[in-house]
Amino acid sequence: MEFSSSSSPSSSSVVSELEGTLLKDPDPFSYFMLVAFEASSLIRFALLLLLWPVIRLLDVLGLGDVGLKLMVFVSTAGVPLSEIESVARAVLPKFYMDDIDMEAWKLFSLHHDRRVVVTKMPRVMVERFVKEHLRADEVIGSELWVNQFGFATGFVKGDSSSISSRVSKLFIDEKPTLVVGRVASAGSSFLSLCKEQMHPPFIAAQNNHQHPQLLRPLPVIFHDGRLVKRPTPSTALLIILWIPLGILLAIIRIIIGLILPMWAIPHVSRLFGGKIIVKGKPPLPPVSGSHGGVLFVCTHRTLMDPVVLSTVLRRQIPAVTYSISKLSEILSPIPTVRLTRIRHVDAEKIKRQLSKGDLVVCPEGTTCREPFLLRFSGLFAELTDQIVPVAMNYRVGFFHATTARGWKGLDPIFFFMNPRPVYEVTFLNQLPVEATCSSGKSPHDVANYVQRILAATLGFECTNFTRKDKYRVLAGNDGTVSYTSFVDQFKKVVSTIKPFFH
């Protein structure tokens, strides 16, 4: 870390570079790869990867700006601006957050009057994350050229040579107090505009105790997109090479799950890379003639939660569902009970099913990938006192098995495409009578209690966010699925799988 002068953070204005400073990685290549994959197609993703040696060569020759423009063009040309914005809103923040340099962030957060971030990526790719999670006031980056039909042309307005003038226009009356950035980076001419300069690597920021509420950026709770890991060149190459084998493996795994009895699946799945870790003591099957069944209340990580639970219990347990696709229902090896989201109708359906035997419900109403639990609906607590909380969690290597923006019918396929999917199932003790509605507790209190003990088991945090909150953030809607004609469903399938063939 270098200093050109000293001043107190009380002046409270800062300009920081994003790549290589707030983000540890100075190379934005992987973020353009994410845009290519999530907003466009696998072919575009592969094409950009093929051009990576050219981009690196241009950077070595001192033509980094040309390489940057090439990345922008290949990843965005012909892509609707709305798709790029959707990826910037739902996909990129998680990968940015994973790459944050916390010491740089602490320096940045201490200056609270005005925070400016400078990026060499198009502004649309970073603005939402930087303003919402890093609490920046302004973002300076290039602008995508968009045609009259709303499609990106692949060209940009503004480059590194204009950054200095754009920063100076923001601070006409007084220079910013601090600049945080790399000396040798492209566009670092704005460094001279500031009174004080700091350059990586950073030591622990001083006076953090004065602003304890700013020590961490706002967390990313909702995240979409299929890729688990940030597609650096080596990771992207592995993904492309794995996809054909992964599709074949997924087909085999799904067929095995459909034809084998439940008791045999755990043994056979190990032969194909799957693993299920069971903790706690599963309850015994209901005795013939007993009054009603047990309600398994699970955290909701993927569509596979009820299937894995049935596999562990070695018997088919019907599962309550909300908006899974028709294909997922067809492929499901267990019975499903589709709810309507009309409270009294759903309550009758659940009561009727519980009178026949055990049932699985996920009261969050939707999946959440991050270590957070969404608000639990209290409906389940009104209907029975035989409640067994089950903490579900999973690990995958390449592909996420959930989506808010894509077609849900591919969720189980993407899950089984992973080399070694791992599920962890933890059975908690059945709730004592005094913790249920029979003792006078409200359904809301029971639901909150179950949420807390499941979160504590997994090491997660409880939130009050709901399914609608998730879909508003990730997809710009309330998550309501309309099952119309076969033609509408077919169009969704085509639009989802088209990236693999174009």
# chains A, B, ... in the order shown; residues from 1 in each chain; ligands from 1
>>> residues_around(residues="range 388-401 of chain A", least_positions_apart="4", cutoff="8 Å", atoms="only C-alpha atoms", output="MDAnalysis selection string")
chainID A and resid 225:229 239 294:303 305 410:415 417:431 450 454 457:458
>>> select_by_dssp(residues="range 43-143 of chain A", states="strand (DSSP E or B)", output="list in words")
Pro80, Ile100, Arg114, Arg115, Val116, Val117, Val118, Thr119, Lys120, Met121, Pro122, Glu138, Val139, Ile140, Gly141, Ser142 and Glu143 of chain A
>>> residues_around(residues="range 350-361 of chain A", least_positions_apart="6", cutoff="12 Å", atoms="only C-alpha atoms", output="MDAnalysis selection string")
chainID A and resid 283:300 303:310 313 315:322 334:340 343:344 376:390
>>> atom_distance(atom1="CA of Leu22 in chain A", atom2="CA of Met198 in chain A")
12.0 Å
>>> closest_residue(among="A:Met33, A:Val156, A:Ala447, A:Leu258", to="Ala236 in chain A", atoms="only C-alpha atoms")
A:Met33
>>> closest_residue(among="A:Phe460, A:Tyr449, A:Trp52, A:Phe202", to="Lys106 in chain A", atoms="only C-alpha atoms")
A:Phe202
>>> closest_residue(among="A:His133, A:His199, A:Lys169, A:Lys157", to="Leu218 in chain A", atoms="only C-alpha atoms")
A:His133
>>> residues_around(residues="Val35 in chain A", least_positions_apart="4", cutoff="9 Å", atoms="only C-alpha atoms", output="ChimeraX atom specification")
/A:30-31,39-40,45,75-76,83-84,87-88,91-92,125
>>> atom_distance(atom1="CA of Ala90 in chain A", atom2="CA of Leu47 in chain A")
23.4 Å
>>> atom_distance(atom1="CA of Lys131 in chain A", atom2="CA of Val167 in chain A")
16.8 Å
